[in-house]
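Structure file query.cif (mmCIF, C-alpha atoms and all ligand atoms) is printed below.
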data_data
loop_
_atom_site.label_atom_id
_atom_site.label_comp_id
_atom_site.auth_asym_id
_atom_site.auth_seq_id
_atom_site.Cartn_x
_atom_site.Cartn_y
_atom_site.Cartn_z
CA MET E 286 -8.49 25.44 -41.11
CA LYS E 287 -10.54 28.46 -42.10
CA LEU E 288 -8.64 30.50 -44.64
CA ILE E 289 -9.09 33.04 -47.38
CA LEU E 290 -6.70 32.56 -50.30
CA LEU E 291 -5.98 35.85 -52.05
CA GLY E 292 -4.02 36.19 -55.26
CA ALA E 293 -4.34 37.12 -58.91
CA PRO E 294 -5.97 34.70 -61.35
CA GLY E 295 -3.31 32.07 -62.03
CA ALA E 296 -1.48 32.59 -58.72
CA GLY E 297 -2.24 28.97 -57.84
CA LYS E 298 -5.07 29.44 -55.32
CA GLY E 299 -7.04 26.47 -56.68
CA THR E 300 -4.08 24.11 -56.74
CA VAL E 301 -2.98 25.11 -53.24
CA ALA E 302 -6.56 24.77 -51.94
CA LYS E 303 -6.85 21.24 -53.36
CA LEU E 304 -3.59 20.20 -51.67
CA LEU E 305 -4.63 21.73 -48.33
CA THR E 306 -8.09 20.12 -48.22
CA ALA E 307 -6.41 16.71 -48.34
CA LEU E 308 -4.64 17.53 -45.04
CA ASP E 309 -7.48 18.21 -42.61
CA GLY E 310 -10.80 17.55 -44.31
CA SER E 311 -11.59 21.21 -44.89
CA VAL E 312 -13.43 22.05 -48.13
CA GLN E 313 -12.40 24.25 -51.03
CA ILE E 314 -15.03 26.85 -51.86
CA SER E 315 -14.37 28.35 -55.27
CA THR E 316 -16.94 30.92 -56.32
CA GLY E 317 -15.60 30.56 -59.89
CA ASP E 318 -16.35 26.80 -59.87
CA ILE E 319 -19.81 27.38 -58.37
CA LEU E 320 -20.59 29.97 -61.06
CA ARG E 321 -19.25 27.80 -63.92
CA GLY E 322 -21.41 24.93 -62.60
CA ALA E 323 -24.45 27.22 -62.63
CA VAL E 324 -23.69 28.38 -66.20
CA GLN E 325 -23.36 24.77 -67.37
CA ALA E 326 -26.57 23.76 -65.62
CA GLY E 327 -28.38 26.76 -67.17
CA THR E 328 -29.81 27.96 -63.83
CA GLU E 329 -31.06 31.53 -63.29
CA LEU E 330 -27.81 32.32 -61.45
CA GLY E 331 -25.82 30.92 -64.38
CA LYS E 332 -27.77 32.98 -66.90
CA GLU E 333 -27.13 36.14 -64.90
CA ALA E 334 -23.43 35.41 -64.39
CA ASP E 335 -22.54 34.16 -67.88
CA GLY E 336 -21.97 37.49 -69.66
CA TYR E 337 -19.83 38.96 -66.88
CA MET E 338 -17.69 35.83 -66.76
CA LYS E 339 -17.10 35.63 -70.51
CA ARG E 340 -15.90 39.24 -70.53
CA GLY E 341 -13.65 38.63 -67.52
CA ASP E 342 -15.71 41.08 -65.43
CA LEU E 343 -16.73 40.48 -61.85
CA VAL E 344 -20.21 39.17 -61.17
CA PRO E 345 -22.24 41.63 -58.99
CA ASP E 346 -21.49 41.47 -55.25
CA SER E 347 -25.14 40.77 -54.39
CA LEU E 348 -25.16 37.52 -56.42
CA ILE E 349 -21.90 36.38 -54.87
CA MET E 350 -23.00 37.12 -51.31
CA GLY E 351 -26.21 35.14 -51.90
CA ILE E 352 -24.12 32.13 -52.96
CA MET E 353 -21.72 32.43 -50.02
CA GLU E 354 -24.37 32.91 -47.36
CA LYS E 355 -25.88 29.54 -48.34
CA ARG E 356 -22.58 27.75 -48.95
CA LEU E 357 -20.98 28.62 -45.60
CA GLN E 358 -23.95 27.10 -43.77
CA GLU E 359 -23.62 23.70 -45.43
CA PRO E 360 -22.50 20.93 -43.03
CA ASP E 361 -19.25 20.17 -44.87
CA CYS E 362 -17.90 23.59 -43.82
CA GLN E 363 -17.80 22.50 -40.16
CA LYS E 364 -14.33 20.99 -40.52
CA GLY E 365 -13.01 24.15 -42.13
CA PHE E 366 -12.90 25.82 -45.53
CA LEU E 367 -10.56 27.49 -47.98
CA LEU E 368 -12.10 30.41 -49.79
CA ASP E 369 -10.69 30.49 -53.31
CA GLY E 370 -11.65 33.50 -55.42
CA PHE E 371 -13.77 35.14 -52.72
CA PRO E 372 -13.89 37.88 -51.51
CA ARG E 373 -12.85 39.83 -54.59
CA THR E 374 -13.93 43.37 -53.70
CA ILE E 375 -13.88 45.51 -50.57
CA PRO E 376 -17.73 45.41 -50.31
CA GLN E 377 -17.57 41.57 -50.47
CA ALA E 378 -14.92 41.55 -47.69
CA GLU E 379 -17.05 43.85 -45.56
CA ALA E 380 -20.17 41.75 -46.17
CA LEU E 381 -18.21 38.59 -45.36
CA LYS E 382 -17.14 40.07 -42.03
CA VAL E 383 -20.79 40.72 -41.12
CA LEU E 384 -21.81 37.24 -42.35
CA MET E 385 -19.08 35.49 -40.33
CA ALA E 386 -20.08 37.39 -37.19
CA LYS E 387 -23.72 36.37 -37.79
CA LEU E 388 -22.78 32.70 -38.28
CA GLY E 389 -20.25 32.70 -35.41
CA ILE E 390 -17.35 31.73 -37.68
CA LYS E 391 -13.79 32.87 -36.94
CA LEU E 392 -11.20 32.95 -39.73
CA ASP E 393 -7.69 31.70 -38.97
CA MET E 394 -5.87 33.76 -41.55
CA VAL E 395 -5.87 35.44 -44.96
CA VAL E 396 -3.07 34.19 -47.19
CA SER E 397 -1.92 36.32 -50.10
CA ILE E 398 -0.07 34.33 -52.78
CA ASP E 399 2.27 36.59 -54.68
CA VAL E 400 3.45 35.45 -58.14
CA PRO E 401 5.16 37.57 -60.85
CA ARG E 402 2.93 38.73 -63.72
CA ASP E 403 4.92 36.98 -66.48
CA VAL E 404 4.57 33.63 -64.68
CA ILE E 405 0.82 34.21 -64.30
CA LEU E 406 0.31 35.08 -67.97
CA ASP E 407 2.20 32.02 -69.13
CA ARG E 408 0.32 29.75 -66.68
CA LEU E 409 -3.13 30.97 -67.62
CA CYS E 410 -2.59 30.67 -71.38
CA THR E 411 -1.41 27.08 -70.96
CA ARG E 412 -3.91 26.01 -68.28
CA ARG E 413 -6.58 23.41 -69.03
CA THR E 414 -9.53 22.78 -66.71
CA CYS E 415 -11.86 19.79 -66.56
CA THR E 416 -15.43 21.02 -67.08
CA GLN E 417 -16.73 18.04 -65.09
CA CYS E 418 -14.57 17.83 -61.93
CA SER E 419 -12.56 21.12 -62.10
CA ALA E 420 -9.18 19.32 -62.08
CA ILE E 421 -6.45 21.66 -63.30
CA TYR E 422 -3.76 20.76 -65.86
CA ASN E 423 -1.09 22.61 -67.78
CA VAL E 424 -0.12 21.71 -71.35
CA LYS E 425 3.56 22.35 -70.55
CA SER E 426 4.12 21.31 -66.94
CA ASN E 427 1.25 18.93 -66.13
CA PRO E 428 -0.49 17.67 -69.30
CA THR E 429 -3.35 15.17 -69.35
CA LYS E 430 -2.32 11.67 -70.47
CA VAL E 431 -4.67 11.93 -73.43
CA ALA E 432 -4.95 15.45 -74.90
CA GLY E 433 -8.22 17.10 -73.88
CA VAL E 434 -9.36 14.28 -71.57
CA CYS E 435 -9.27 14.59 -67.77
CA ASP E 436 -7.08 11.89 -66.15
CA LYS E 437 -9.29 11.82 -63.05
CA CYS E 438 -12.85 11.60 -64.41
CA GLY E 439 -12.56 11.31 -68.22
CA GLY E 440 -14.39 14.64 -68.70
CA PRO E 441 -13.30 17.28 -71.20
CA ALA E 442 -10.15 19.17 -70.10
CA ILE E 443 -10.33 22.42 -72.04
CA GLN E 444 -9.07 26.00 -72.19
CA ARG E 445 -11.61 28.15 -70.35
CA GLU E 446 -13.39 30.77 -72.42
CA ASP E 447 -12.04 33.49 -70.12
CA GLU E 448 -8.45 32.27 -70.57
CA THR E 449 -7.82 33.77 -73.97
CA GLU E 450 -5.10 36.44 -73.97
CA ALA E 451 -7.56 39.35 -74.16
CA ALA E 452 -9.78 38.04 -71.36
CA ILE E 453 -6.75 37.30 -69.18
CA SER E 454 -5.36 40.87 -69.48
CA HIS E 455 -8.80 42.18 -68.58
CA ARG E 456 -9.07 39.85 -65.56
CA LEU E 457 -5.63 40.92 -64.33
CA ALA E 458 -6.56 44.61 -64.67
CA THR E 459 -9.80 43.91 -62.75
CA TYR E 460 -7.75 42.11 -60.09
CA ASN E 461 -5.39 45.08 -59.67
CA GLU E 462 -8.24 47.56 -59.46
CA LYS E 463 -10.83 45.69 -57.37
CA THR E 464 -9.15 42.80 -55.53
CA ALA E 465 -5.58 43.89 -54.74
CA PRO E 466 -6.89 46.51 -52.23
CA LEU E 467 -8.02 43.57 -50.07
CA ILE E 468 -4.37 43.00 -49.15
CA GLY E 469 -4.35 46.36 -47.32
CA PHE E 470 -7.81 45.66 -45.89
CA TYR E 471 -6.73 42.38 -44.24
CA GLU E 472 -3.35 43.78 -43.23
CA LYS E 473 -5.19 46.42 -41.19
CA GLU E 474 -7.33 43.67 -39.65
CA GLY E 475 -4.11 41.90 -38.58
CA MET E 476 -5.11 38.79 -40.56
CA LEU E 477 -2.69 38.82 -43.48
CA LYS E 478 0.14 36.44 -44.28
CA SER E 479 1.92 37.09 -47.60
CA ILE E 480 3.75 34.26 -49.33
CA VAL E 481 5.93 34.83 -52.35
CA GLY E 482 6.19 31.63 -54.33
CA THR E 483 5.68 30.08 -57.72
CA SER E 484 5.75 26.51 -56.42
CA SER E 485 2.51 25.24 -54.88
CA ASP E 486 4.47 22.92 -52.57
CA VAL E 487 6.41 25.87 -51.14
CA VAL E 488 3.17 27.80 -50.61
CA VAL E 489 1.44 24.79 -48.99
CA ASN E 490 4.37 24.23 -46.60
CA ALA E 491 4.39 27.90 -45.59
CA ILE E 492 0.64 27.75 -44.88
CA LYS E 493 1.00 24.51 -42.90
CA ALA E 494 3.68 26.12 -40.73
CA ALA E 495 1.57 29.26 -40.25
CA VAL E 496 -1.55 27.37 -39.11
CA GLY E 497 0.45 24.84 -37.09
CA LEU E 498 -0.26 21.68 -39.13
P1 LIG C 501 -12.12 32.28 -61.05
O1 LIG C 501 -12.31 30.87 -61.45
O2 LIG C 501 -12.01 32.48 -59.56
O3 LIG C 501 -11.01 32.96 -61.80
O4 LIG C 501 -13.48 33.06 -61.45
C1 LIG C 501 -13.92 33.11 -62.79
C2 LIG C 501 -14.90 34.26 -62.97
O5 LIG C 501 -16.02 34.08 -62.11
C3 LIG C 501 -14.35 35.62 -62.62
O6 LIG C 501 -13.62 36.20 -63.70
C4 LIG C 501 -15.64 36.39 -62.32
O7 LIG C 501 -16.34 36.71 -63.51
C5 LIG C 501 -16.47 35.34 -61.59
N1 LIG C 501 -16.22 35.35 -60.12
C6 LIG C 501 -15.67 34.36 -59.37
N2 LIG C 501 -15.62 34.71 -58.09
C7 LIG C 501 -16.14 35.96 -58.00
C8 LIG C 501 -16.34 36.87 -56.94
N3 LIG C 501 -15.98 36.58 -55.67
N4 LIG C 501 -16.88 38.08 -57.24
C9 LIG C 501 -17.26 38.40 -58.49
N5 LIG C 501 -17.08 37.60 -59.54
C10 LIG C 501 -16.53 36.36 -59.31
#
Using structure tokens, write down the structure that the file contains.
Ligand code: AMP
Amino acid sequence: MKLILLGAPGAGKGTVAKLLTALDGSVQISTGDILRGAVQAGTELGKEADGYMKRGDLVPDSLIMGIMEKRLQEPDCQKGFLLDGFPRTIPQAEALKVLMAKLGIKLDMVVSIDVPRDVILDRLCTRRTCTQCSAIYNVKSNPTKVAGVCDKCGGPAIQREDETEAAISHRLATYNEKTAPLIGFYEKEGMLKSIVGTSSDVVVNAIKAAVGL
């Protein structure tokens, strides 16, 4: 399947993407994970992105489009992909449309995952992420077996720097201002499917039914 997953930070895009990739061999493409990897590796891209990310601001569209143009041409995208955290602005969505036409790629659908703000705030403050393999945990609902250690790879499972309360409020405000308008954008394109749900299983089942899996 070739999908865009839209939704506020903490709506569960990453978790849903991981469950869906197991179904048909499509790959999860998370621009956030790519950027965090670049910051950790200390590349030029990472150095440029670091400050924006720490503040909870969006990284400039030009950097993101450079990443995506390369990523979508990698062979593992042939079986399908789930875009998680991209596009995040109207200019990114417009540039993606041009890029897809150039690469001859046709999207199946844009899924908007709709979760109440109080659930999102609680989830993000209690989320822990493995810095090595990006596995996601939650100290309340899905803790690691050993505190701070990823069950899957043994890497450090920590609270992200942009998941402090102040950074989260800023990210949510940025989402409302810059990313939420994409819902209208894709509705006009006739591509949008909205799913209201706090359970990732419910969301995954709704997506499976919508794409005919
Ligand atoms: P995420 O893991 O998707 O919440 O992304 C973490 C951070 O990476 C965001 O707060 C932004 O600073 C940056 N980022 C990720 N994806 C994008 C994007 N498509 N456009 C701009 N900035 C992004």
Could you list, with a cut-off of 6 Å and counting only C-alpha atoms and all ligand atoms, the residues of chain E near ligand LIG 501 (chain C), each shown with its nearest atom pair and the distance in Å rounded to one decimal, rows sorted by chain and ascending number, as CSV?
residue,atom,partner,partner_atom,distance
E:Pro294,CA,C:LIG501,O3,5.4
E:Thr316,CA,C:LIG501,N2,4.4
E:Gly317,CA,C:LIG501,O4,3.6
E:Asp318,CA,C:LIG501,O1,5.9
E:Tyr337,CA,C:LIG501,O7,5.3
E:Met338,CA,C:LIG501,O7,3.6
E:Gly341,CA,C:LIG501,O6,4.5
E:Asp342,CA,C:LIG501,O7,4.8
E:Leu343,CA,C:LIG501,N5,3.7
E:Val344,CA,C:LIG501,N5,3.9
E:Pro345,CA,C:LIG501,C9,6.0
E:Ile349,CA,C:LIG501,N4,5.8
E:Gly370,CA,C:LIG501,O2,4.3
E:Phe371,CA,C:LIG501,N3,4.0
E:Pro372,CA,C:LIG501,N3,4.8
E:Arg373,CA,C:LIG501,N3,4.6
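Closest to Gln377 of chain E among E:Gly439, E:Gly336, E:Pro466, E:Gly365 is E:Pro466, based on all atoms listed in the file.
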> Leaving out Ala323 of chain E and any residue of its chain fewer than 2 positions from it, which residues lie within 12 Å of it when counting all atoms listed in the file, given as a VMD selection string?
Replying inline: chain E and resid 316 to 321 325 to 335 338 352 416
>> Which residues are close to Ile314 of chain E, i.e. within 6 Å by all atoms listed in the file, leaving aside same-chain residues fewer than 2 positions away? Reply as a VMD selection string.
In response: chain E and resid 367 to 369
> Near Asn423 of chain E, counting only C-alpha atoms, which residues have an atom at most 7 Å away, once you skip same-chain residues fewer than 3 positions from it, shown as a list in words?
Replying inline: Thr411, Arg412, Arg413, Ser426, Asn427 and Pro428 of chain E
Write a file of the selected residues as a CSV table (one decimal), in the frame of the given file, keeping C-alpha atoms.
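To be explicit, this is the file written out as again10.csv:
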chain,number,residue,atom,x,y,z
E,411,THR,CA,-1.4,27.1,-71.0
E,412,ARG,CA,-3.9,26.0,-68.3
E,413,ARG,CA,-6.6,23.4,-69.0
E,426,SER,CA,4.1,21.3,-66.9
E,427,ASN,CA,1.2,18.9,-66.1
E,428,PRO,CA,-0.5,17.7,-69.3
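Nearest residue to Val383 of chain E, choosing from E:Val396, E:Met350, E:Ile289, E:Val404 and counting all atoms listed in the file: E:Met350.
Straight-line separation from atom CA of Arg356 of chain E to atom CA of Ala386 of chain E: 15.4 Å.
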>> Neighbouring residues of Gly297 of chain E were defined as those with any atom within 9 Å, considering only C-alpha atoms; residues of the same chain fewer than 5 positions away were excluded. Please report them as a PyMOL selection string.
In response: chain E and resi 292+302+398+400+405+483-485
> Which one of E:Val395, E:Ile390, E:Ala380, E:Ala296 sits closest to Ile468 of chain E if you count all atoms listed in the file?
Replying inline: E:Val395
>> I want to know what sits within 12 Å of Phe470 of chain E, based on all atoms listed in the file, with residues of the same chain fewer than 5 positions away left out; could you give that as a list in words?
In response: Leu291, Pro372, Arg373, Thr374, Ile375, Pro376, Gln377, Ala378, Glu379, Lys382, Val395, Ser397, Lys463, Thr464, Ala465, Gly475, Met476 and Leu477 of chain E
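Between atom CA of Val496 of chain E and atom CA of Leu308 of chain E lies a distance of 11.9 Å.
Counting all atoms listed in the file and comparing E:Leu288, E:Cys410, E:Cys418, E:Ala458, the residue that lies closest to Thr306 of chain E is E:Leu288.
Checking E:Leu406, E:Val434, E:Leu290, E:Ala307 one by one against Lys478 of chain E, counting all atoms listed in the file, you find the shortest gap at E:Leu290.
Here atom CA of Ala432 of chain E and atom CA of Ala293 of chain E stand 26.9 Å from one another.
Nearest to Thr449 of chain E of all the residues E:Leu348, E:Lys473, E:Lys493, E:Leu409 is E:Leu409, counting all atoms listed in the file.
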Quick one: segment 373-392 of chain E with N, CA, C and O atoms, as a PDB file, in the coordinates of the input?
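The resulting file, rebuild.pdb, is reproduced below:
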ATOM      1  N   ARG E 373     -13.591  39.254 -53.475  1.00  0.00           N
ATOM      2  CA  ARG E 373     -12.850  39.830 -54.590  1.00  0.00           C
ATOM      3  C   ARG E 373     -12.978  41.334 -54.658  1.00  0.00           C
ATOM      4  O   ARG E 373     -12.396  41.953 -55.546  1.00  0.00           O
ATOM      5  N   THR E 374     -13.786  41.911 -53.754  1.00  0.00           N
ATOM      6  CA  THR E 374     -13.930  43.370 -53.700  1.00  0.00           C
ATOM      7  C   THR E 374     -14.016  43.751 -52.226  1.00  0.00           C
ATOM      8  O   THR E 374     -14.342  42.911 -51.373  1.00  0.00           O
ATOM      9  N   ILE E 375     -13.761  45.048 -51.958  1.00  0.00           N
ATOM     10  CA  ILE E 375     -13.880  45.510 -50.570  1.00  0.00           C
ATOM     11  C   ILE E 375     -15.322  45.315 -50.052  1.00  0.00           C
ATOM     12  O   ILE E 375     -15.502  44.787 -48.948  1.00  0.00           O
ATOM     13  N   PRO E 376     -16.371  45.663 -50.842  1.00  0.00           N
ATOM     14  CA  PRO E 376     -17.730  45.410 -50.310  1.00  0.00           C
ATOM     15  C   PRO E 376     -17.967  43.923 -49.991  1.00  0.00           C
ATOM     16  O   PRO E 376     -18.630  43.606 -49.004  1.00  0.00           O
ATOM     17  N   GLN E 377     -17.406  43.008 -50.795  1.00  0.00           N
ATOM     18  CA  GLN E 377     -17.570  41.570 -50.470  1.00  0.00           C
ATOM     19  C   GLN E 377     -16.864  41.249 -49.148  1.00  0.00           C
ATOM     20  O   GLN E 377     -17.377  40.487 -48.329  1.00  0.00           O
ATOM     21  N   ALA E 378     -15.668  41.832 -48.927  1.00  0.00           N
ATOM     22  CA  ALA E 378     -14.920  41.550 -47.690  1.00  0.00           C
ATOM     23  C   ALA E 378     -15.696  42.095 -46.491  1.00  0.00           C
ATOM     24  O   ALA E 378     -15.763  41.450 -45.438  1.00  0.00           O
ATOM     25  N   GLU E 379     -16.296  43.272 -46.678  1.00  0.00           N
ATOM     26  CA  GLU E 379     -17.050  43.850 -45.560  1.00  0.00           C
ATOM     27  C   GLU E 379     -18.298  43.009 -45.279  1.00  0.00           C
ATOM     28  O   GLU E 379     -18.632  42.734 -44.124  1.00  0.00           O
ATOM     29  N   ALA E 380     -18.968  42.583 -46.349  1.00  0.00           N
ATOM     30  CA  ALA E 380     -20.170  41.750 -46.170  1.00  0.00           C
ATOM     31  C   ALA E 380     -19.803  40.404 -45.556  1.00  0.00           C
ATOM     32  O   ALA E 380     -20.548  39.852 -44.743  1.00  0.00           O
ATOM     33  N   LEU E 381     -18.639  39.877 -45.921  1.00  0.00           N
ATOM     34  CA  LEU E 381     -18.210  38.590 -45.360  1.00  0.00           C
ATOM     35  C   LEU E 381     -17.974  38.721 -43.849  1.00  0.00           C
ATOM     36  O   LEU E 381     -18.311  37.818 -43.071  1.00  0.00           O
ATOM     37  N   LYS E 382     -17.404  39.854 -43.459  1.00  0.00           N
ATOM     38  CA  LYS E 382     -17.140  40.070 -42.030  1.00  0.00           C
ATOM     39  C   LYS E 382     -18.459  40.032 -41.239  1.00  0.00           C
ATOM     40  O   LYS E 382     -18.556  39.374 -40.190  1.00  0.00           O
ATOM     41  N   VAL E 383     -19.468  40.695 -41.781  1.00  0.00           N
ATOM     42  CA  VAL E 383     -20.790  40.720 -41.120  1.00  0.00           C
ATOM     43  C   VAL E 383     -21.379  39.297 -41.101  1.00  0.00           C
ATOM     44  O   VAL E 383     -21.894  38.833 -40.084  1.00  0.00           O
ATOM     45  N   LEU E 384     -21.257  38.599 -42.243  1.00  0.00           N
ATOM     46  CA  LEU E 384     -21.810  37.240 -42.350  1.00  0.00           C
ATOM     47  C   LEU E 384     -21.139  36.282 -41.357  1.00  0.00           C
ATOM     48  O   LEU E 384     -21.797  35.496 -40.674  1.00  0.00           O
ATOM     49  N   MET E 385     -19.813  36.377 -41.250  1.00  0.00           N
ATOM     50  CA  MET E 385     -19.080  35.490 -40.330  1.00  0.00           C
ATOM     51  C   MET E 385     -19.513  35.769 -38.881  1.00  0.00           C
ATOM     52  O   MET E 385     -19.672  34.835 -38.097  1.00  0.00           O
ATOM     53  N   ALA E 386     -19.665  37.048 -38.561  1.00  0.00           N
ATOM     54  CA  ALA E 386     -20.080  37.390 -37.190  1.00  0.00           C
ATOM     55  C   ALA E 386     -21.467  36.787 -36.931  1.00  0.00           C
ATOM     56  O   ALA E 386     -21.713  36.192 -35.874  1.00  0.00           O
ATOM     57  N   LYS E 387     -22.355  36.892 -37.936  1.00  0.00           N
ATOM     58  CA  LYS E 387     -23.720  36.370 -37.790  1.00  0.00           C
ATOM     59  C   LYS E 387     -23.705  34.844 -37.608  1.00  0.00           C
ATOM     60  O   LYS E 387     -24.450  34.293 -36.804  1.00  0.00           O
ATOM     61  N   LEU E 388     -22.810  34.167 -38.342  1.00  0.00           N
ATOM     62  CA  LEU E 388     -22.780  32.700 -38.280  1.00  0.00           C
ATOM     63  C   LEU E 388     -21.848  32.180 -37.169  1.00  0.00           C
ATOM     64  O   LEU E 388     -21.715  30.979 -36.977  1.00  0.00           O
ATOM     65  N   GLY E 389     -21.167  33.111 -36.485  1.00  0.00           N
ATOM     66  CA  GLY E 389     -20.250  32.700 -35.410  1.00  0.00           C
ATOM     67  C   GLY E 389     -19.014  31.978 -35.930  1.00  0.00           C
ATOM     68  O   GLY E 389     -18.505  31.059 -35.285  1.00  0.00           O
ATOM     69  N   ILE E 390     -18.534  32.377 -37.094  1.00  0.00           N
ATOM     70  CA  ILE E 390     -17.350  31.730 -37.680  1.00  0.00           C
ATOM     71  C   ILE E 390     -16.152  32.662 -37.495  1.00  0.00           C
ATOM     72  O   ILE E 390     -16.249  33.868 -37.734  1.00  0.00           O
ATOM     73  N   LYS E 391     -15.008  32.064 -37.100  1.00  0.00           N
ATOM     74  CA  LYS E 391     -13.790  32.870 -36.940  1.00  0.00           C
ATOM     75  C   LYS E 391     -12.739  32.371 -37.931  1.00  0.00           C
ATOM     76  O   LYS E 391     -12.398  31.191 -37.940  1.00  0.00           O
ATOM     77  N   LEU E 392     -12.253  33.296 -38.751  1.00  0.00           N
ATOM     78  CA  LEU E 392     -11.200  32.950 -39.730  1.00  0.00           C
ATOM     79  C   LEU E 392      -9.877  32.774 -39.030  1.00  0.00           C
ATOM     80  O   LEU E 392      -9.574  33.502 -38.081  1.00  0.00           O
TER      81      LEU E 392
END
